[in-house]
Amino acid sequence: MIELRGSTWDHTRGYDPLPVTADAYSAAHPDVRIVWEKRTLRDFAEMPLPQLTLRYDLIVLDHPWIGGCVAAGSLLPLDDYLSADFLSDQARNSVGKSHTSYNYDRHQWALAIDAASQVSAYRPDLLASDEVPQTWDQVIALAQRLKRQGHAHVSTPLMHVDCFPCFFSLCANAGEQAFTSEGVAVSRPVGRHALGMMRTLAEVGHPAALHWNPPQILDQMSTTDEIVYCPLLFGYSNYARPGYRRHLIRFTNIPVDGTGAPRGAILGGAGLAISARCPHPDIAADYAAFVASAEVQCGMYFDSGGQPGYRGAWLDARTNAEANNFFTDTLATLDLAAMRPRHDGWIAVQDGACQILHQFLTENTHPERTLDALDDAYRQSLAARSSQPDLA
């Protein structure tokens, strides 16, 4: 009996589909057993992936880890094991840059089995569809009105690990993607704008939002009437499915920028990668391709609570009917989402930025000092950057 062990994150969306796919694969391959284990959502973002690949054969990961894992020799290039036709189909059916985000140094290091970006969410029984904000001015106006009325909030998750996604999305939505120049994290005008918006969102939002991640905000929205609308959080289609929680959540595109497009939301999602130490890479790659296939993504993966990474599933009439059009209602935002850097050393910048930005909100740090700290962290990462290029 061949046994493969996998690690993913602890949420219905992240975990539940994988044992189902593992059982289905084992039914067709009785000599293979695949065991999936969970790590917390925080560990999904912060746990060092090269260390994780020492213990597991299959890893569900976020794309910014790719550069560090490649530099450490921790992952196997999937193009050595999967056909060009299969990978071309995956690329054609990418949701936004999901597939590309795992392509680095001319190799494909993971399959985009889950697609996500920050989107907007609201309670349709508390906020009519024509009242859902379309611009940031409308977001602030709604938040201030609800705060004056004193019974509900517009809130965004601002736990430290979610401060960076908020900042990154606000910068890109304003027209400038942060952490792309060689000199500074972001220009001062755009940086000040993003920090000002974050401070306003913290002030008008639920006090506990400074300690909540997206599932916690969505749990609060779907079980109480305290949060009516959230302008920026990673989408979870589970909450759009009837019966998942007490109240249904509807998801929609993020507020538009000056071009009228919902651009710049930070790209999230998850890829399925194979550890370089896996003793059975051919079998692991075959299983990964099974999970990422059109049939599985549109079928058992979605049916067991997953959020597919395959574009066909996002356009499928059945998946949309069962998730209150979560997929078609947010697809424009995902197609215009912004991909984070992936170079070796980037994760330290991201982790540091989370702390710097959370301190800005909780300790009332001056915006200029905050931007100085972000610049310093970014420059240090570039100075220590390996020679390996950040190429798609």
# chains A, B, ... in the order shown; residues from 1 in each chain; ligands from 1
$ residues_around --residues "Val296 (chain A)" --least-positions-apart "2" --cutoff "12 Å" --atoms "only C-alpha atoms" --output "MDAnalysis selection string"
chainID A and resid 17:18 20:22 24:25 113 287:294 298:304 306:310 312:313
$ select_by_dssp --residues "region 113-268 of chain A" --states "strand (DSSP E)" --output "ChimeraX atom specification"
/A:113-114,118-122,153-154,227-234,250-252
$ atom_distance --atom1 "CA of Thr223 (chain A)" --atom2 "CA of Trp9 (chain A)"
22.6 Å
$ atom_distance --atom1 "CA of Thr8 (chain A)" --atom2 "CA of Lys38 (chain A)"
5.2 Å
$ atom_distance --atom1 "CA of Ala284 (chain A)" --atom2 "CA of Pro341 (chain A)"
27.2 Å
$ residues_around --residues "region 161-177 of chain A" --least-positions-apart "3" --cutoff "9 Å" --atoms "only C-alpha atoms" --output "NGL selection string"
:A and (42 or 45-46 or 118 or 156-158 or 180 or 186-187 or 190-191 or 193-195 or 197-198 or 210 or 212-214 or 232-233 or 255-258 or 261-267 or 337-338 or 340 or 350-351 or 353-358)
$ closest_residue --among "A:His63, A:His247, A:Lys97, A:Arg33" --to "Gly271 (chain A)" --atoms "only C-alpha atoms"
A:His63
$ select_by_dssp --residues "region 41-174 of chain A" --states "helix (DSSP H, G or I)" --output "PyMOL selection string"
chain A and resi 41-46+49-52+63-72+78-80+84-92+100-102+129-131+136-149+160-173
$ write_last_selection --atoms "C-alpha atoms" --output "PDB file, in the first residue's frame"
ATOM      1  CA  LEU A  41      -5.706  29.583   8.328  1.00  0.00           C
ATOM      2  CA  ARG A  42      -3.020  31.639  10.087  1.00  0.00           C
ATOM      3  CA  ASP A  43      -0.507  28.827   9.599  1.00  0.00           C
ATOM      4  CA  PHE A  44      -1.586  28.634   5.954  1.00  0.00           C
ATOM      5  CA  ALA A  45      -0.309  32.191   5.578  1.00  0.00           C
ATOM      6  CA  GLU A  46       2.681  32.076   7.923  1.00  0.00           C
ATOM      7  CA  LEU A  49       6.554  25.954   3.611  1.00  0.00           C
ATOM      8  CA  PRO A  50      10.053  24.480   3.129  1.00  0.00           C
ATOM      9  CA  GLN A  51       9.716  22.949   6.595  1.00  0.00           C
ATOM     10  CA  LEU A  52       6.236  21.640   5.809  1.00  0.00           C
ATOM     11  CA  HIS A  63       1.403  31.609  -4.421  1.00  0.00           C
ATOM     12  CA  PRO A  64       3.786  34.029  -2.623  1.00  0.00           C
ATOM     13  CA  TRP A  65       5.585  31.010  -1.159  1.00  0.00           C
ATOM     14  CA  ILE A  66       6.697  29.766  -4.575  1.00  0.00           C
ATOM     15  CA  GLY A  67       9.977  31.700  -4.868  1.00  0.00           C
ATOM     16  CA  GLY A  68      11.242  30.658  -1.447  1.00  0.00           C
ATOM     17  CA  CYS A  69      10.240  27.036  -1.992  1.00  0.00           C
ATOM     18  CA  VAL A  70      11.953  26.938  -5.384  1.00  0.00           C
ATOM     19  CA  ALA A  71      15.118  28.484  -3.946  1.00  0.00           C
ATOM     20  CA  ALA A  72      15.103  25.846  -1.187  1.00  0.00           C
ATOM     21  CA  LEU A  78       4.816  19.613 -12.267  1.00  0.00           C
ATOM     22  CA  ASP A  79       5.627  20.059 -15.948  1.00  0.00           C
ATOM     23  CA  ASP A  80       8.078  17.180 -15.530  1.00  0.00           C
ATOM     24  CA  ALA A  84       1.616  19.875 -21.922  1.00  0.00           C
ATOM     25  CA  ASP A  85      -1.994  19.429 -23.081  1.00  0.00           C
ATOM     26  CA  PHE A  86      -3.244  19.132 -19.512  1.00  0.00           C
ATOM     27  CA  LEU A  87      -1.309  22.206 -18.371  1.00  0.00           C
ATOM     28  CA  SER A  88      -2.503  24.172 -21.410  1.00  0.00           C
ATOM     29  CA  ASP A  89      -6.087  23.359 -20.487  1.00  0.00           C
ATOM     30  CA  GLN A  90      -5.413  24.505 -16.925  1.00  0.00           C
ATOM     31  CA  ALA A  91      -3.987  27.776 -18.254  1.00  0.00           C
ATOM     32  CA  ARG A  92      -6.957  28.355 -20.565  1.00  0.00           C
ATOM     33  CA  THR A 100       0.081  31.897 -13.695  1.00  0.00           C
ATOM     34  CA  SER A 101       0.698  32.626 -10.015  1.00  0.00           C
ATOM     35  CA  TYR A 102       2.202  29.148  -9.597  1.00  0.00           C
ATOM     36  CA  SER A 129     -29.072  45.113  -4.000  1.00  0.00           C
ATOM     37  CA  ASP A 130     -29.512  48.680  -5.261  1.00  0.00           C
ATOM     38  CA  GLU A 131     -28.097  49.970  -1.959  1.00  0.00           C
ATOM     39  CA  TRP A 136     -15.597  53.968  -2.122  1.00  0.00           C
ATOM     40  CA  ASP A 137     -17.462  57.201  -1.421  1.00  0.00           C
ATOM     41  CA  GLN A 138     -20.648  55.159  -1.195  1.00  0.00           C
ATOM     42  CA  VAL A 139     -18.908  52.659   1.114  1.00  0.00           C
ATOM     43  CA  ILE A 140     -17.947  55.386   3.562  1.00  0.00           C
ATOM     44  CA  ALA A 141     -21.382  57.044   3.344  1.00  0.00           C
ATOM     45  CA  LEU A 142     -23.120  53.750   4.162  1.00  0.00           C
ATOM     46  CA  ALA A 143     -20.694  53.012   6.999  1.00  0.00           C
ATOM     47  CA  GLN A 144     -21.190  56.429   8.569  1.00  0.00           C
ATOM     48  CA  ARG A 145     -24.985  56.197   8.246  1.00  0.00           C
ATOM     49  CA  LEU A 146     -25.086  52.784   9.908  1.00  0.00           C
ATOM     50  CA  LYS A 147     -22.761  53.929  12.673  1.00  0.00           C
ATOM     51  CA  ARG A 148     -25.014  56.910  13.417  1.00  0.00           C
ATOM     52  CA  GLN A 149     -28.000  54.590  13.589  1.00  0.00           C
ATOM     53  CA  HIS A 160      -2.804  41.570  11.492  1.00  0.00           C
ATOM     54  CA  VAL A 161      -2.544  38.963   8.712  1.00  0.00           C
ATOM     55  CA  ASP A 162      -5.428  40.688   6.903  1.00  0.00           C
ATOM     56  CA  CYS A 163      -4.058  44.222   7.158  1.00  0.00           C
ATOM     57  CA  PHE A 164      -1.591  43.579   4.365  1.00  0.00           C
ATOM     58  CA  PRO A 165      -4.239  42.265   1.901  1.00  0.00           C
ATOM     59  CA  CYS A 166      -6.401  45.304   2.645  1.00  0.00           C
ATOM     60  CA  PHE A 167      -3.507  47.722   2.047  1.00  0.00           C
ATOM     61  CA  PHE A 168      -2.383  45.898  -1.101  1.00  0.00           C
ATOM     62  CA  SER A 169      -5.899  45.898  -2.594  1.00  0.00           C
ATOM     63  CA  LEU A 170      -6.513  49.557  -1.788  1.00  0.00           C
ATOM     64  CA  CYS A 171      -3.250  50.587  -3.463  1.00  0.00           C
ATOM     65  CA  ALA A 172      -3.908  48.544  -6.605  1.00  0.00           C
ATOM     66  CA  ASN A 173      -7.542  49.674  -6.717  1.00  0.00           C
TER      67      ASN A 173
END
$ closest_residue --among "A:Gly14, A:Glu37, A:Tyr56, A:Glu363" --to "Cys278 (chain A)" --atoms "only C-alpha atoms"
A:Tyr56
$ residues_around --residues "Val228 (chain A)" --least-positions-apart "2" --cutoff "10 Å" --atoms "only C-alpha atoms" --output "list in words"
Ala121, Tyr122, Arg123, Pro124, Asp125, Leu126, Leu127, Val132, Leu142, Ala143, Leu146, His151, Ala152, His153, Val154, Ser155, Gln220, Met221, Ser222, Thr224, Asp225, Glu226, Cys230 and Ile249 of chain A
$ decode --residues "region 166-213 of chain A" --atoms "N, CA and C atoms" --output "PDB file, in the first residue's frame"
ATOM      1  N   CYS A 166      -5.588  44.100   2.764  1.00  0.00           N
ATOM      2  CA  CYS A 166      -6.401  45.304   2.645  1.00  0.00           C
ATOM      3  C   CYS A 166      -5.585  46.442   2.032  1.00  0.00           C
ATOM      4  N   PHE A 167      -4.387  46.664   2.554  1.00  0.00           N
ATOM      5  CA  PHE A 167      -3.507  47.722   2.047  1.00  0.00           C
ATOM      6  C   PHE A 167      -3.159  47.469   0.580  1.00  0.00           C
ATOM      7  N   PHE A 168      -2.783  46.250   0.257  1.00  0.00           N
ATOM      8  CA  PHE A 168      -2.383  45.898  -1.101  1.00  0.00           C
ATOM      9  C   PHE A 168      -3.527  46.132  -2.084  1.00  0.00           C
ATOM     10  N   SER A 169      -4.735  45.716  -1.717  1.00  0.00           N
ATOM     11  CA  SER A 169      -5.899  45.898  -2.594  1.00  0.00           C
ATOM     12  C   SER A 169      -6.230  47.374  -2.775  1.00  0.00           C
ATOM     13  N   LEU A 170      -6.177  48.137  -1.698  1.00  0.00           N
ATOM     14  CA  LEU A 170      -6.513  49.557  -1.788  1.00  0.00           C
ATOM     15  C   LEU A 170      -5.525  50.305  -2.679  1.00  0.00           C
ATOM     16  N   CYS A 171      -4.246  49.957  -2.596  1.00  0.00           N
ATOM     17  CA  CYS A 171      -3.250  50.587  -3.463  1.00  0.00           C
ATOM     18  C   CYS A 171      -3.515  50.247  -4.926  1.00  0.00           C
ATOM     19  N   ALA A 172      -3.691  48.961  -5.220  1.00  0.00           N
ATOM     20  CA  ALA A 172      -3.908  48.544  -6.605  1.00  0.00           C
ATOM     21  C   ALA A 172      -5.226  49.078  -7.145  1.00  0.00           C
ATOM     22  N   ASN A 173      -6.253  49.128  -6.305  1.00  0.00           N
ATOM     23  CA  ASN A 173      -7.542  49.674  -6.717  1.00  0.00           C
ATOM     24  C   ASN A 173      -7.435  51.160  -7.052  1.00  0.00           C
ATOM     25  N   ALA A 174      -6.506  51.846  -6.369  1.00  0.00           N
ATOM     26  CA  ALA A 174      -6.284  53.278  -6.641  1.00  0.00           C
ATOM     27  C   ALA A 174      -5.395  53.506  -7.848  1.00  0.00           C
ATOM     28  N   GLY A 175      -4.872  52.424  -8.439  1.00  0.00           N
ATOM     29  CA  GLY A 175      -4.123  52.567  -9.674  1.00  0.00           C
ATOM     30  C   GLY A 175      -2.650  52.255  -9.599  1.00  0.00           C
ATOM     31  N   GLU A 176      -2.147  51.825  -8.433  1.00  0.00           N
ATOM     32  CA  GLU A 176      -0.721  51.529  -8.310  1.00  0.00           C
ATOM     33  C   GLU A 176      -0.527  50.253  -7.495  1.00  0.00           C
ATOM     34  N   GLN A 177       0.072  49.246  -8.110  1.00  0.00           N
ATOM     35  CA  GLN A 177       0.336  48.019  -7.371  1.00  0.00           C
ATOM     36  C   GLN A 177       1.565  48.208  -6.500  1.00  0.00           C
ATOM     37  N   ALA A 178       1.396  47.950  -5.211  1.00  0.00           N
ATOM     38  CA  ALA A 178       2.496  48.130  -4.262  1.00  0.00           C
ATOM     39  C   ALA A 178       3.535  47.024  -4.420  1.00  0.00           C
ATOM     40  N   PHE A 179       4.748  47.323  -3.956  1.00  0.00           N
ATOM     41  CA  PHE A 179       5.855  46.353  -3.918  1.00  0.00           C
ATOM     42  C   PHE A 179       6.232  45.836  -5.306  1.00  0.00           C
ATOM     43  N   THR A 180       6.246  46.744  -6.273  1.00  0.00           N
ATOM     44  CA  THR A 180       6.663  46.360  -7.623  1.00  0.00           C
ATOM     45  C   THR A 180       7.849  47.186  -8.114  1.00  0.00           C
ATOM     46  N   SER A 181       8.137  48.328  -7.500  1.00  0.00           N
ATOM     47  CA  SER A 181       9.283  49.139  -7.930  1.00  0.00           C
ATOM     48  C   SER A 181      10.522  48.705  -7.159  1.00  0.00           C
ATOM     49  N   GLU A 182      11.672  49.143  -7.629  1.00  0.00           N
ATOM     50  CA  GLU A 182      12.921  48.775  -6.969  1.00  0.00           C
ATOM     51  C   GLU A 182      13.250  49.708  -5.809  1.00  0.00           C
ATOM     52  N   GLY A 183      12.537  50.806  -5.682  1.00  0.00           N
ATOM     53  CA  GLY A 183      12.917  51.787  -4.681  1.00  0.00           C
ATOM     54  C   GLY A 183      12.060  51.840  -3.437  1.00  0.00           C
ATOM     55  N   VAL A 184      10.732  51.893  -3.615  1.00  0.00           N
ATOM     56  CA  VAL A 184       9.835  52.078  -2.471  1.00  0.00           C
ATOM     57  C   VAL A 184       8.694  51.074  -2.548  1.00  0.00           C
ATOM     58  N   ALA A 185       8.076  50.845  -1.402  1.00  0.00           N
ATOM     59  CA  ALA A 185       6.947  49.910  -1.364  1.00  0.00           C
ATOM     60  C   ALA A 185       5.795  50.425  -2.215  1.00  0.00           C
ATOM     61  N   VAL A 186       5.525  51.722  -2.109  1.00  0.00           N
ATOM     62  CA  VAL A 186       4.464  52.352  -2.883  1.00  0.00           C
ATOM     63  C   VAL A 186       4.700  53.855  -2.846  1.00  0.00           C
ATOM     64  N   SER A 187       4.208  54.568  -3.841  1.00  0.00           N
ATOM     65  CA  SER A 187       4.378  56.024  -3.833  1.00  0.00           C
ATOM     66  C   SER A 187       3.666  56.627  -2.626  1.00  0.00           C
ATOM     67  N   ARG A 188       4.162  57.742  -2.151  1.00  0.00           N
ATOM     68  CA  ARG A 188       3.584  58.334  -0.940  1.00  0.00           C
ATOM     69  C   ARG A 188       2.119  58.735  -1.122  1.00  0.00           C
ATOM     70  N   PRO A 189       1.710  59.361  -2.223  1.00  0.00           N
ATOM     71  CA  PRO A 189       0.282  59.712  -2.341  1.00  0.00           C
ATOM     72  C   PRO A 189      -0.647  58.494  -2.264  1.00  0.00           C
ATOM     73  N   VAL A 190      -0.290  57.425  -2.968  1.00  0.00           N
ATOM     74  CA  VAL A 190      -1.145  56.234  -2.947  1.00  0.00           C
ATOM     75  C   VAL A 190      -1.066  55.551  -1.584  1.00  0.00           C
ATOM     76  N   GLY A 191       0.137  55.509  -0.987  1.00  0.00           N
ATOM     77  CA  GLY A 191       0.277  54.913   0.334  1.00  0.00           C
ATOM     78  C   GLY A 191      -0.536  55.649   1.385  1.00  0.00           C
ATOM     79  N   ARG A 192      -0.486  56.974   1.350  1.00  0.00           N
ATOM     80  CA  ARG A 192      -1.279  57.764   2.312  1.00  0.00           C
ATOM     81  C   ARG A 192      -2.767  57.528   2.098  1.00  0.00           C
ATOM     82  N   HIS A 193      -3.181  57.454   0.824  1.00  0.00           N
ATOM     83  CA  HIS A 193      -4.599  57.189   0.529  1.00  0.00           C
ATOM     84  C   HIS A 193      -5.038  55.848   1.122  1.00  0.00           C
ATOM     85  N   ALA A 194      -4.234  54.804   0.898  1.00  0.00           N
ATOM     86  CA  ALA A 194      -4.600  53.467   1.386  1.00  0.00           C
ATOM     87  C   ALA A 194      -4.638  53.434   2.902  1.00  0.00           C
ATOM     88  N   LEU A 195      -3.659  54.040   3.547  1.00  0.00           N
ATOM     89  CA  LEU A 195      -3.648  54.066   5.014  1.00  0.00           C
ATOM     90  C   LEU A 195      -4.836  54.858   5.558  1.00  0.00           C
ATOM     91  N   GLY A 196      -5.159  55.956   4.908  1.00  0.00           N
ATOM     92  CA  GLY A 196      -6.318  56.736   5.345  1.00  0.00           C
ATOM     93  C   GLY A 196      -7.608  55.953   5.234  1.00  0.00           C
ATOM     94  N   MET A 197      -7.750  55.198   4.137  1.00  0.00           N
ATOM     95  CA  MET A 197      -8.942  54.365   3.977  1.00  0.00           C
ATOM     96  C   MET A 197      -8.981  53.267   5.031  1.00  0.00           C
ATOM     97  N   MET A 198      -7.852  52.659   5.319  1.00  0.00           N
ATOM     98  CA  MET A 198      -7.817  51.607   6.338  1.00  0.00           C
ATOM     99  C   MET A 198      -8.212  52.159   7.705  1.00  0.00           C
ATOM    100  N   ARG A 199      -7.706  53.341   8.040  1.00  0.00           N
ATOM    101  CA  ARG A 199      -8.045  53.930   9.333  1.00  0.00           C
ATOM    102  C   ARG A 199      -9.536  54.245   9.401  1.00  0.00           C
ATOM    103  N   THR A 200     -10.089  54.759   8.308  1.00  0.00           N
ATOM    104  CA  THR A 200     -11.523  55.049   8.288  1.00  0.00           C
ATOM    105  C   THR A 200     -12.339  53.777   8.437  1.00  0.00           C
ATOM    106  N   LEU A 201     -11.945  52.717   7.723  1.00  0.00           N
ATOM    107  CA  LEU A 201     -12.668  51.448   7.823  1.00  0.00           C
ATOM    108  C   LEU A 201     -12.602  50.880   9.233  1.00  0.00           C
ATOM    109  N   ALA A 202     -11.456  51.062   9.897  1.00  0.00           N
ATOM    110  CA  ALA A 202     -11.329  50.587  11.281  1.00  0.00           C
ATOM    111  C   ALA A 202     -12.225  51.397  12.211  1.00  0.00           C
ATOM    112  N   GLU A 203     -12.300  52.702  11.991  1.00  0.00           N
ATOM    113  CA  GLU A 203     -13.074  53.584  12.870  1.00  0.00           C
ATOM    114  C   GLU A 203     -14.578  53.349  12.738  1.00  0.00           C
ATOM    115  N   VAL A 204     -15.044  53.084  11.525  1.00  0.00           N
ATOM    116  CA  VAL A 204     -16.497  52.924  11.335  1.00  0.00           C
ATOM    117  C   VAL A 204     -16.943  51.475  11.514  1.00  0.00           C
ATOM    118  N   GLY A 205     -15.997  50.545  11.550  1.00  0.00           N
ATOM    119  CA  GLY A 205     -16.348  49.137  11.593  1.00  0.00           C
ATOM    120  C   GLY A 205     -16.590  48.611  12.991  1.00  0.00           C
ATOM    121  N   HIS A 206     -16.933  47.353  13.063  1.00  0.00           N
ATOM    122  CA  HIS A 206     -17.121  46.664  14.336  1.00  0.00           C
ATOM    123  C   HIS A 206     -15.799  46.680  15.102  1.00  0.00           C
ATOM    124  N   PRO A 207     -15.807  47.001  16.399  1.00  0.00           N
ATOM    125  CA  PRO A 207     -14.541  47.079  17.152  1.00  0.00           C
ATOM    126  C   PRO A 207     -13.726  45.791  17.108  1.00  0.00           C
ATOM    127  N   ALA A 208     -14.403  44.657  17.038  1.00  0.00           N
ATOM    128  CA  ALA A 208     -13.687  43.377  17.040  1.00  0.00           C
ATOM    129  C   ALA A 208     -13.065  43.043  15.695  1.00  0.00           C
ATOM    130  N   ALA A 209     -13.382  43.816  14.649  1.00  0.00           N
ATOM    131  CA  ALA A 209     -12.862  43.511  13.319  1.00  0.00           C
ATOM    132  C   ALA A 209     -11.342  43.602  13.260  1.00  0.00           C
ATOM    133  N   LEU A 210     -10.727  44.339  14.192  1.00  0.00           N
ATOM    134  CA  LEU A 210      -9.268  44.422  14.260  1.00  0.00           C
ATOM    135  C   LEU A 210      -8.645  43.082  14.648  1.00  0.00           C
ATOM    136  N   HIS A 211      -9.474  42.139  15.066  1.00  0.00           N
ATOM    137  CA  HIS A 211      -8.975  40.825  15.503  1.00  0.00           C
ATOM    138  C   HIS A 211      -9.638  39.681  14.737  1.00  0.00           C
ATOM    139  N   TRP A 212     -10.359  40.010  13.665  1.00  0.00           N
ATOM    140  CA  TRP A 212     -11.075  39.008  12.893  1.00  0.00           C
ATOM    141  C   TRP A 212     -10.438  38.779  11.539  1.00  0.00           C
ATOM    142  N   ASN A 213     -10.489  37.510  11.079  1.00  0.00           N
ATOM    143  CA  ASN A 213     -10.098  37.188   9.716  1.00  0.00           C
ATOM    144  C   ASN A 213     -11.365  37.046   8.864  1.00  0.00           C
TER     145      ASN A 213
END
